[in-house]
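Q: The structure's right below; bear with me while I get my questions together.
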Amino acid sequence: MIRVLLLWLALASAALAVQPDEILQDPALEARARELSKDLRCLVCRNESIDESNAELARDLRILVRERLVEGDTDEEVIDFVVARYGEYVL
């Protein structure tokens, strides 16, 4: 039973691009970060959000989103910040 559970966890975690070291301690901020990351498109992978993408740039953007939220930015400010630097393609 434990082997099945561990296998399931390993497969489930492989499907998620967000790495454990990216996750915020505050559950409310983490939930906001995940929602924003789902709405921002990866610049490397076509038709994938930065939340889904395993590209290094997507990881950098996920970290950037979390840093901005921790600094107190609103969701709109985070989106504006990313768009100002990477263009409207990310929307």
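Ordering of the structure tokens sets the chain letters (A, B, ...), residue numbers begin anew at 1 in every chain, and ligands are numbered from 1 in the order given.
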So that I can see what lies close to stretch 38-47 of chain A, please list as a count of residues only the residues with an atom at most 9 Å from it, counting only C-alpha atoms and leaving out residues fewer than 3 positions away in the same chain.

A: 19

Q: Determine, counting only C-alpha atoms, which protein, DNA and RNA residues have an atom within 8 Å of an atom of stretch 65-68 of chain A; residues of the same chain fewer than 4 positions away are not included. Present the result as a PyMOL selection string.

A: chain A and resi 24+29-30+33+36-37+61+72-73+78

Q: Choose the residue, out of A:Arg59, A:Ala31, A:Glu76, A:Leu64, that has the smallest atom-to-atom separation from A:Ala17; count only C-alpha atoms.

A: A:Arg59

Q: Please, what distance in Å, to one decimal, runs between atom CA of A:Gln25 and atom CA of A:Asp80?

A: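 We find that atom CA of A:Gln25 and atom CA of A:Asp80 lie 24.2 Å from each other.
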
Q: Pick out the closest residue to A:Val70 from this set: A:Glu48, A:Val83, A:Glu88, A:Ala28. Count only C-alpha atoms.

A: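 Of all the options, A:Ala28 lies closest to A:Val70.
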